[in-house]
>>> print(open('data.cif').read())   # mmCIF, C-alpha atoms
data_coords
loop_
_atom_site.group_PDB
_atom_site.id
_atom_site.type_symbol
_atom_site.label_atom_id
_atom_site.label_comp_id
_atom_site.auth_asym_id
_atom_site.auth_seq_id
_atom_site.Cartn_x
_atom_site.Cartn_y
_atom_site.Cartn_z
ATOM 1 C CA THR A 633 51.833 240.654 100.025
ATOM 2 C CA ASP A 634 49.392 241.751 97.323
ATOM 3 C CA PRO A 635 46.482 239.366 96.598
ATOM 4 C CA PRO A 636 46.994 237.176 93.507
ATOM 5 C CA GLY A 637 45.670 238.643 90.287
ATOM 6 C CA CYS A 638 45.203 237.787 86.623
ATOM 7 C CA ALA A 639 43.002 234.741 87.327
ATOM 8 C CA ALA A 640 41.802 234.537 83.729
ATOM 9 C CA ARG A 641 41.260 230.779 83.721
ATOM 10 C CA PRO A 642 39.450 228.239 85.889
ATOM 11 C CA PRO A 643 41.722 226.625 88.499
ATOM 12 C CA GLY A 644 41.741 222.996 87.281
ATOM 13 C CA GLY A 645 44.904 223.175 85.196
ATOM 14 C CA ARG A 646 46.758 225.230 87.775
ATOM 15 C CA TRP A 647 45.884 222.662 90.451
ATOM 16 C CA LEU A 648 47.397 219.932 88.281
ATOM 17 C CA ILE A 649 50.565 221.981 87.829
ATOM 18 C CA GLY A 650 50.519 222.501 91.596
ATOM 19 C CA LEU A 651 50.575 218.726 92.148
ATOM 20 C CA GLY A 652 53.824 218.533 90.196
ATOM 21 C CA ILE A 653 55.280 221.378 92.233
ATOM 22 C CA LEU A 654 54.167 219.583 95.389
ATOM 23 C CA ALA A 655 55.927 216.409 94.243
ATOM 24 C CA PHE A 656 59.241 217.929 93.112
ATOM 25 C CA GLY A 657 59.473 221.166 95.072
ATOM 26 C CA GLU A 658 58.768 224.793 94.334
ATOM 27 C CA GLY A 659 62.295 225.691 93.262
ATOM 28 C CA ASN A 660 62.677 222.739 90.907
ATOM 29 C CA GLY A 661 62.005 223.202 87.192
ATOM 30 C CA TRP A 662 60.677 219.646 87.064
ATOM 31 C CA GLY A 663 57.966 220.681 89.500
ATOM 32 C CA TRP A 664 55.972 222.987 87.294
ATOM 33 C CA ARG A 665 56.766 221.073 84.067
ATOM 34 C CA SER A 666 56.146 217.491 85.153
ATOM 35 C CA ALA A 667 52.330 217.399 85.228
ATOM 36 C CA VAL A 668 51.887 218.910 81.763
ATOM 37 C CA ALA A 669 54.624 216.670 80.327
ATOM 38 C CA LEU A 670 52.923 213.595 81.788
ATOM 39 C CA PHE A 671 49.566 214.629 80.345
ATOM 40 C CA GLY A 672 51.239 215.251 76.978
ATOM 41 C CA VAL A 673 52.470 211.658 76.908
ATOM 42 C CA LEU A 674 49.043 210.419 77.997
ATOM 43 C CA THR A 675 47.444 212.404 75.155
ATOM 44 C CA VAL A 676 49.535 210.418 72.681
ATOM 45 C CA ALA A 677 48.332 207.176 74.284
ATOM 46 C CA VAL A 678 44.685 208.294 74.194
ATOM 47 C CA THR A 679 45.032 209.340 70.552
ATOM 48 C CA MET A 680 46.468 205.935 69.672
ATOM 49 C CA ARG A 681 43.606 204.216 71.469
ATOM 50 C CA LEU A 682 41.070 206.380 69.631
ATOM 51 C CA GLY A 683 42.733 205.556 66.321
ATOM 52 C CA TRP A 684 42.511 201.861 67.140
ATOM 53 C CA ARG A 685 38.843 201.967 68.200
ATOM 54 C CA VAL A 686 37.811 203.875 65.073
ATOM 55 C CA SER A 687 39.853 201.920 62.517
ATOM 56 C CA GLN A 688 40.691 198.585 64.189
ATOM 57 C CA SER A 689 44.066 199.026 62.487
ATOM 58 C CA LEU A 690 47.368 198.870 64.348
ATOM 59 C CA LEU A 691 49.019 200.887 61.576
ATOM 60 C CA VAL A 692 46.489 203.724 61.875
ATOM 61 C CA SER A 693 46.856 203.689 65.658
ATOM 62 C CA LEU A 694 50.668 203.871 65.483
ATOM 63 C CA LEU A 695 50.606 206.616 62.844
ATOM 64 C CA ALA A 696 48.131 208.678 64.879
ATOM 65 C CA GLY A 697 50.352 208.446 67.947
ATOM 66 C CA LEU A 698 53.526 209.150 65.979
ATOM 67 C CA VAL A 699 52.129 212.227 64.254
ATOM 68 C CA LEU A 700 51.054 213.718 67.573
ATOM 69 C CA ALA A 701 54.251 212.709 69.396
ATOM 70 C CA ILE A 702 56.482 214.539 66.899
ATOM 71 C CA ASP A 703 54.161 217.507 66.361
ATOM 72 C CA GLY A 704 56.129 220.621 67.239
ATOM 73 C CA VAL A 705 53.229 222.512 68.813
ATOM 74 C CA HIS A 706 52.294 219.556 71.025
ATOM 75 C CA VAL A 707 55.895 219.038 72.148
ATOM 76 C CA VAL A 708 56.379 222.714 72.995
ATOM 77 C CA LEU A 709 53.048 223.134 74.801
ATOM 78 C CA THR A 710 53.706 220.103 77.001
ATOM 79 C CA ARG A 711 57.254 221.245 77.726
ATOM 80 C CA ILE A 712 56.672 224.787 78.925
ATOM 81 C CA ALA A 713 53.761 224.032 81.267
ATOM 82 C CA VAL A 714 50.885 225.922 79.721
ATOM 83 C CA LEU A 715 47.281 224.870 80.161
ATOM 84 C CA ASP A 716 46.776 223.753 76.555
ATOM 85 C CA GLY A 717 48.444 220.395 77.274
ATOM 86 C CA PHE A 718 45.795 219.527 79.855
ATOM 87 C CA LEU A 719 43.052 220.850 77.588
ATOM 88 C CA ALA A 720 44.196 218.675 74.684
ATOM 89 C CA PHE A 721 44.284 215.587 76.903
ATOM 90 C CA PHE A 722 40.780 215.993 78.280
ATOM 91 C CA ILE A 723 39.329 216.762 74.830
ATOM 92 C CA ALA A 724 41.044 213.711 73.325
ATOM 93 C CA LEU A 725 39.797 211.612 76.230
ATOM 94 C CA GLY A 726 36.271 212.978 75.750
ATOM 95 C CA ALA A 727 36.424 212.105 72.036
ATOM 96 C CA LEU A 728 37.533 208.552 72.850
ATOM 97 C CA LEU A 729 34.742 208.104 75.377
ATOM 98 C CA MET A 730 32.177 209.536 72.945
ATOM 99 C CA TRP A 731 33.279 206.961 70.382
ATOM 100 C CA ARG A 732 32.892 204.211 72.969
ATOM 101 C CA ASP A 733 29.371 205.547 73.605
ATOM 102 C CA HIS A 734 28.710 205.297 69.859
ATOM 103 C CA GLU A 735 29.811 201.656 69.854
ATOM 104 C CA TRP A 736 27.685 200.963 72.929
ATOM 105 C CA VAL A 737 24.565 202.539 71.404
ATOM 106 C CA VAL A 738 24.997 200.618 68.140
ATOM 107 C CA ARG A 739 25.258 197.343 70.053
ATOM 108 C CA ARG A 740 22.135 198.178 72.054
ATOM 109 C CA THR A 741 19.974 199.312 69.131
ATOM 110 C CA ALA A 742 21.135 197.256 66.141
ATOM 111 C CA PRO A 743 19.178 194.095 67.098
ATOM 112 C CA THR A 744 15.914 196.061 67.397
ATOM 113 C CA ARG A 745 13.575 194.560 64.813
ATOM 114 C CA PRO A 746 11.016 195.988 64.167
ATOM 115 C CA PRO A 747 11.958 199.475 65.420
ATOM 116 C CA ARG A 748 10.511 200.473 68.753
ATOM 117 C CA ASP A 749 10.685 203.593 70.860
ATOM 118 C CA LEU A 750 13.944 203.179 72.681
ATOM 119 C CA VAL A 751 15.360 206.039 74.745
ATOM 120 C CA LEU A 752 18.565 205.122 76.501
ATOM 121 C CA TRP A 753 19.190 206.635 79.935
ATOM 122 C CA ASN A 754 21.872 204.313 81.220
ATOM 123 C CA ARG A 755 24.820 205.371 79.064
ATOM 124 C CA PRO A 756 28.004 204.965 81.120
ATOM 125 C CA TRP A 757 30.357 206.040 78.344
ATOM 126 C CA LEU A 758 28.368 209.237 77.826
ATOM 127 C CA PHE A 759 28.592 210.015 81.548
ATOM 128 C CA ALA A 760 32.357 209.468 81.411
ATOM 129 C CA ALA A 761 32.735 211.619 78.290
ATOM 130 C CA ALA A 762 30.750 214.448 79.880
ATOM 131 C CA ALA A 763 33.004 214.231 82.940
ATOM 132 C CA ALA A 764 36.071 214.491 80.687
ATOM 133 C CA PHE A 765 34.686 217.582 78.973
ATOM 134 C CA GLY A 766 33.821 219.008 82.392
ATOM 135 C CA CYS A 767 37.492 218.567 83.301
ATOM 136 C CA ALA A 768 38.444 220.294 80.030
ATOM 137 C CA ALA A 769 36.213 223.242 80.918
ATOM 138 C CA SER A 770 37.827 223.387 84.376
ATOM 139 C CA VAL A 771 41.160 223.970 82.616
ATOM 140 C CA LYS A 772 39.896 226.448 80.019
ATOM 141 C CA TRP A 773 36.376 227.555 79.245
ATOM 142 C CA SER A 774 37.048 226.782 75.583
ATOM 143 C CA GLY A 775 36.695 223.129 76.586
ATOM 144 C CA LEU A 776 32.926 223.675 76.356
ATOM 145 C CA TYR A 777 33.025 224.051 72.561
ATOM 146 C CA PRO A 778 34.068 220.419 71.906
ATOM 147 C CA LEU A 779 31.346 219.254 74.306
ATOM 148 C CA ALA A 780 28.724 221.149 72.292
ATOM 149 C CA ALA A 781 30.109 219.793 69.008
ATOM 150 C CA PHE A 782 30.133 216.195 70.225
ATOM 151 C CA LEU A 783 26.602 216.483 71.584
ATOM 152 C CA VAL A 784 25.431 217.586 68.131
ATOM 153 C CA LEU A 785 27.346 214.723 66.523
ATOM 154 C CA THR A 786 25.875 212.291 69.040
ATOM 155 C CA ALA A 787 22.336 213.466 68.277
ATOM 156 C CA LEU A 788 22.956 213.063 64.535
ATOM 157 C CA ARG A 789 24.510 209.649 65.104
ATOM 158 C CA ASP A 790 21.486 208.494 67.111
ATOM 159 C CA LEU A 791 19.195 209.752 64.342
ATOM 160 C CA VAL A 792 21.143 207.842 61.670
ATOM 161 C CA VAL A 793 21.020 204.626 63.726
ATOM 162 C CA ARG A 794 17.257 204.937 64.193
ATOM 163 C CA LEU A 795 16.599 205.763 60.539
ATOM 164 C CA ARG A 796 18.641 202.736 59.507
ATOM 165 C CA ILE A 797 16.449 200.542 61.692
ATOM 166 C CA ALA A 798 13.285 202.203 60.362
ATOM 167 C CA ARG A 799 14.436 201.670 56.771
ATOM 168 C CA ALA A 800 14.503 197.942 57.436
ATOM 169 C CA ALA A 801 10.821 198.108 58.466
ATOM 170 C CA ARG A 802 9.912 200.103 55.311
ATOM 171 C CA THR A 803 6.914 201.884 56.809
ATOM 172 C CA ARG A 804 6.130 205.567 57.225
ATOM 173 C CA LEU A 805 5.128 204.986 60.818
ATOM 174 C CA ALA A 806 8.521 203.492 61.598
ATOM 175 C CA THR A 807 10.265 206.484 60.015
ATOM 176 C CA ALA A 808 8.108 208.966 61.948
ATOM 177 C CA ARG A 809 8.787 207.088 65.172
ATOM 178 C CA ALA A 810 12.500 207.125 64.361
ATOM 179 C CA TRP A 811 12.494 210.914 64.079
ATOM 180 C CA LEU A 812 10.456 211.283 67.268
ATOM 181 C CA GLY A 813 12.718 208.839 69.097
ATOM 182 C CA ALA A 814 15.817 210.681 67.905
ATOM 183 C CA PHE A 815 14.520 214.011 69.237
ATOM 184 C CA SER A 816 13.615 212.366 72.544
ATOM 185 C CA GLN A 817 17.039 210.742 72.747
ATOM 186 C CA ALA A 818 18.761 214.058 71.981
ATOM 187 C CA ALA A 819 16.928 215.662 74.916
ATOM 188 C CA VAL A 820 17.873 212.776 77.194
ATOM 189 C CA THR A 821 21.493 212.945 76.006
ATOM 190 C CA ALA A 822 21.605 216.638 76.918
ATOM 191 C CA LEU A 823 20.026 215.881 80.307
ATOM 192 C CA ILE A 824 22.763 213.320 80.939
ATOM 193 C CA ALA A 825 25.773 215.194 79.603
ATOM 194 C CA LEU A 826 25.249 218.833 80.533
ATOM 195 C CA PRO A 827 24.562 218.406 84.291
ATOM 196 C CA THR A 828 27.418 215.890 84.522
ATOM 197 C CA ALA A 829 29.877 218.262 82.855
ATOM 198 C CA LEU A 830 28.640 221.140 85.014
ATOM 199 C CA ALA A 831 28.968 219.101 88.228
ATOM 200 C CA VAL A 832 32.524 218.057 87.371
ATOM 201 C CA TYR A 833 33.439 221.635 86.415
ATOM 202 C CA VAL A 834 32.048 223.046 89.660
ATOM 203 C CA ALA A 835 33.698 220.307 91.718
#
>>> encode(input="data.cif", output="structure tokens")
Amino acid sequence: TDPPGCAARPPGGRWLIGLGILAFGEGNGWGWRSAVALFGVLTVAVTMRLGWRVSQSLLVSLLAGLVLAIDGVHVVLTRIAVLDGFLAFFIALGALLMWRDHEWVVRRTAPTRPPRDLVLWNRPWLFAAAAAFGCAASVKWSGLYPLAAFLVLTALRDLVVRLRIARAARTRLATARAWLGAFSQAAVTALIALPTALAVYVA
């Protein structure tokens, strides 16, 4: 009858394990293993999709999935129902969605000739990626570190895209505007991603 203790993690992962217990029953070993096992399989699928989007190579995609599927740590963590299986899935999903955001930004900015101040607010893939990292943080707080890393990478990626456009114009003004636009875009990216991740985490 004592109150539950040792709540050292956010509840998201435990709720997902609870759904498996709800489906199979409290006394069934499948109950508390099923959700993590399912997410482990889905992580392989997400990794394969990420490999395909980055390389456009079926061989790379298959090898990426195979390496993860036979990795001993991944197999064990998704078999014994610990939170790391959920964490890995949401981080892999966030990485995939961040890459889709990269592709989306390149398509939107590449035709810009000459360069102009272009700050993108409507970035659906970035919203989705932030939600995925918010889910990762709801499993373990260490899910915030990949979000921070990908935001830095996104800011650098936006800067590179803008400098490439400015280089085509070959003017100092275009280069200065590229730097200013990149800083503005980085602030907007943070305003999009951080509140979204926080809202998903709190929810």
>>> closest_residue(input="data.cif", among="A:Cys767, A:Thr710, A:Ala814, A:Ala640", to="A:Tyr833", atoms="all atoms listed in the file")
A:Cys767
>>> resolve_selection(input="data.cif", expression="the PyMOL selection byres ((chain A and resi 675) around 10)", output="VMD selection string")
chain A and resid 669 to 674 676 to 681 697 700 to 701 706 717 to 725
>>> write_last_selection(input="data.cif", atoms="C-alpha atoms", output="PDB file, keeping the file's coordinate frame")
ATOM      1  CA  ALA A 669      54.624 216.670  80.327  1.00  0.00           C
ATOM      2  CA  LEU A 670      52.923 213.595  81.788  1.00  0.00           C
ATOM      3  CA  PHE A 671      49.566 214.629  80.345  1.00  0.00           C
ATOM      4  CA  GLY A 672      51.239 215.251  76.978  1.00  0.00           C
ATOM      5  CA  VAL A 673      52.470 211.658  76.908  1.00  0.00           C
ATOM      6  CA  LEU A 674      49.043 210.419  77.997  1.00  0.00           C
ATOM      7  CA  VAL A 676      49.535 210.418  72.681  1.00  0.00           C
ATOM      8  CA  ALA A 677      48.332 207.176  74.284  1.00  0.00           C
ATOM      9  CA  VAL A 678      44.685 208.294  74.194  1.00  0.00           C
ATOM     10  CA  THR A 679      45.032 209.340  70.552  1.00  0.00           C
ATOM     11  CA  MET A 680      46.468 205.935  69.672  1.00  0.00           C
ATOM     12  CA  ARG A 681      43.606 204.216  71.469  1.00  0.00           C
ATOM     13  CA  GLY A 697      50.352 208.446  67.947  1.00  0.00           C
ATOM     14  CA  LEU A 700      51.054 213.718  67.573  1.00  0.00           C
ATOM     15  CA  ALA A 701      54.251 212.709  69.396  1.00  0.00           C
ATOM     16  CA  HIS A 706      52.294 219.556  71.025  1.00  0.00           C
ATOM     17  CA  GLY A 717      48.444 220.395  77.274  1.00  0.00           C
ATOM     18  CA  PHE A 718      45.795 219.527  79.855  1.00  0.00           C
ATOM     19  CA  LEU A 719      43.052 220.850  77.588  1.00  0.00           C
ATOM     20  CA  ALA A 720      44.196 218.675  74.684  1.00  0.00           C
ATOM     21  CA  PHE A 721      44.284 215.587  76.903  1.00  0.00           C
ATOM     22  CA  PHE A 722      40.780 215.993  78.280  1.00  0.00           C
ATOM     23  CA  ILE A 723      39.329 216.762  74.830  1.00  0.00           C
ATOM     24  CA  ALA A 724      41.044 213.711  73.325  1.00  0.00           C
ATOM     25  CA  LEU A 725      39.797 211.612  76.230  1.00  0.00           C
TER      26      LEU A 725
END
>>> closest_residue(input="data.cif", among="A:Leu750, A:Ala835, A:Leu830, A:Trp773", to="A:Ile797", atoms="only C-alpha atoms")
A:Leu750
>>> resolve_selection(input="data.cif", expression="the PyMOL selection byres ((chain A and resi 683) around 10)", output="list of chain:residue names")
A:Ala677, A:Val678, A:Thr679, A:Met680, A:Arg681, A:Leu682, A:Trp684, A:Arg685, A:Val686, A:Ser687, A:Gln688, A:Ser689, A:Leu690, A:Leu691, A:Val692, A:Ser693, A:Leu694, A:Leu695, A:Ala696, A:Gly697, A:Leu728
>>> residues_around(input="data.cif", residues="stretch 786-795 of chain A", least_positions_apart="4", cutoff="6 Å", atoms="only C-alpha atoms", output="VMD selection string")
chain A and resid 782 799 810 814 818
>>> closest_residue(input="data.cif", among="A:Ala768, A:Ile712, A:Leu783, A:Val707", to="A:Val832", atoms="all atoms listed in the file")
A:Ala768
>>> resolve_selection(input="data.cif", expression="the PyMOL selection byres ((chain A and resi 821) around 10)", output="list of chain:residue names")
A:Val751, A:Leu752, A:Trp753, A:Arg755, A:Leu758, A:Phe759, A:Leu783, A:Val784, A:Thr786, A:Ala787, A:Asp790, A:Phe815, A:Ser816, A:Gln817, A:Ala818, A:Ala819, A:Val820, A:Ala822, A:Leu823, A:Ile824, A:Ala825, A:Leu826
>>> closest_residue(input="data.cif", among="A:Asn660, A:Val668, A:Leu812, A:Val834", to="A:Val714", atoms="all atoms listed in the file")
A:Val668
>>> atom_distance(input="data.cif", atom1="atom CA of A:His734", atom2="atom CA of A:Leu779")
14.9 Å
>>> residues_around(input="data.cif", residues="A:Trp736", least_positions_apart="3", cutoff="10 Å", atoms="only C-alpha atoms", output="MDAnalysis selection string")
chainID A and resid 730:733 739:741 755:758
>>> atom_distance(input="data.cif", atom1="atom CA of A:Gly652", atom2="atom CA of A:Ala831")
24.9 Å
>>> atom_distance(input="data.cif", atom1="atom CA of A:Ala764", atom2="atom CA of A:Ala667")
17.1 Å
>>> closest_residue(input="data.cif", among="A:Lys772, A:Trp811, A:Arg665, A:Val738", to="A:Leu709", atoms="only C-alpha atoms")
A:Arg665
>>> closest_residue(input="data.cif", among="A:Gly661, A:Asp716, A:Ala763, A:Leu729", to="A:Arg641", atoms="only C-alpha atoms")
A:Asp716
>>> decode(input="data.cif", residues="stretch 785-798 of chain A", atoms="N, CA, C and O atoms", output="PDB file, in the first residue's frame")
ATOM      1  N   LEU A 785      22.942  21.696 -36.123  1.00  0.00           N
ATOM      2  CA  LEU A 785      23.196  21.240 -37.488  1.00  0.00           C
ATOM      3  C   LEU A 785      22.268  21.913 -38.485  1.00  0.00           C
ATOM      4  O   LEU A 785      22.672  22.263 -39.599  1.00  0.00           O
ATOM      5  N   THR A 786      21.006  22.106 -38.081  1.00  0.00           N
ATOM      6  CA  THR A 786      20.048  22.768 -38.962  1.00  0.00           C
ATOM      7  C   THR A 786      20.451  24.207 -39.224  1.00  0.00           C
ATOM      8  O   THR A 786      20.379  24.704 -40.360  1.00  0.00           O
ATOM      9  N   ALA A 787      20.896  24.911 -38.177  1.00  0.00           N
ATOM     10  CA  ALA A 787      21.338  26.296 -38.347  1.00  0.00           C
ATOM     11  C   ALA A 787      22.542  26.368 -39.278  1.00  0.00           C
ATOM     12  O   ALA A 787      22.615  27.230 -40.165  1.00  0.00           O
ATOM     13  N   LEU A 788      23.495  25.451 -39.118  1.00  0.00           N
ATOM     14  CA  LEU A 788      24.661  25.424 -40.002  1.00  0.00           C
ATOM     15  C   LEU A 788      24.259  25.081 -41.428  1.00  0.00           C
ATOM     16  O   LEU A 788      24.782  25.659 -42.391  1.00  0.00           O
ATOM     17  N   ARG A 789      23.323  24.149 -41.570  1.00  0.00           N
ATOM     18  CA  ARG A 789      22.849  23.772 -42.898  1.00  0.00           C
ATOM     19  C   ARG A 789      22.185  24.954 -43.602  1.00  0.00           C
ATOM     20  O   ARG A 789      22.439  25.229 -44.778  1.00  0.00           O
ATOM     21  N   ASP A 790      21.351  25.685 -42.877  1.00  0.00           N
ATOM     22  CA  ASP A 790      20.702  26.869 -43.452  1.00  0.00           C
ATOM     23  C   ASP A 790      21.742  27.911 -43.874  1.00  0.00           C
ATOM     24  O   ASP A 790      21.611  28.555 -44.913  1.00  0.00           O
ATOM     25  N   LEU A 791      22.790  28.073 -43.058  1.00  0.00           N
ATOM     26  CA  LEU A 791      23.838  29.028 -43.389  1.00  0.00           C
ATOM     27  C   LEU A 791      24.549  28.615 -44.675  1.00  0.00           C
ATOM     28  O   LEU A 791      24.810  29.446 -45.563  1.00  0.00           O
ATOM     29  N   VAL A 792      24.870  27.326 -44.797  1.00  0.00           N
ATOM     30  CA  VAL A 792      25.567  26.838 -45.997  1.00  0.00           C
ATOM     31  C   VAL A 792      24.721  27.053 -47.242  1.00  0.00           C
ATOM     32  O   VAL A 792      25.215  27.487 -48.290  1.00  0.00           O
ATOM     33  N   VAL A 793      23.412  26.770 -47.140  1.00  0.00           N
ATOM     34  CA  VAL A 793      22.512  26.962 -48.285  1.00  0.00           C
ATOM     35  C   VAL A 793      22.503  28.422 -48.709  1.00  0.00           C
ATOM     36  O   VAL A 793      22.600  28.755 -49.899  1.00  0.00           O
ATOM     37  N   ARG A 794      22.416  29.325 -47.737  1.00  0.00           N
ATOM     38  CA  ARG A 794      22.356  30.757 -48.057  1.00  0.00           C
ATOM     39  C   ARG A 794      23.679  31.264 -48.632  1.00  0.00           C
ATOM     40  O   ARG A 794      23.697  32.082 -49.562  1.00  0.00           O
ATOM     41  N   LEU A 795      24.793  30.796 -48.080  1.00  0.00           N
ATOM     42  CA  LEU A 795      26.091  31.214 -48.611  1.00  0.00           C
ATOM     43  C   LEU A 795      26.300  30.692 -50.031  1.00  0.00           C
ATOM     44  O   LEU A 795      26.927  31.363 -50.865  1.00  0.00           O
ATOM     45  N   ARG A 796      25.777  29.524 -50.320  1.00  0.00           N
ATOM     46  CA  ARG A 796      25.889  28.990 -51.678  1.00  0.00           C
ATOM     47  C   ARG A 796      25.126  29.867 -52.661  1.00  0.00           C
ATOM     48  O   ARG A 796      25.591  30.142 -53.765  1.00  0.00           O
ATOM     49  N   ILE A 797      23.948  30.325 -52.240  1.00  0.00           N
ATOM     50  CA  ILE A 797      23.169  31.226 -53.091  1.00  0.00           C
ATOM     51  C   ILE A 797      23.883  32.567 -53.246  1.00  0.00           C
ATOM     52  O   ILE A 797      23.959  33.134 -54.341  1.00  0.00           O
ATOM     53  N   ALA A 798      24.444  33.078 -52.142  1.00  0.00           N
ATOM     54  CA  ALA A 798      25.143  34.363 -52.198  1.00  0.00           C
ATOM     55  C   ALA A 798      26.388  34.272 -53.076  1.00  0.00           C
ATOM     56  O   ALA A 798      26.742  35.230 -53.769  1.00  0.00           O
TER      57      ALA A 798
END
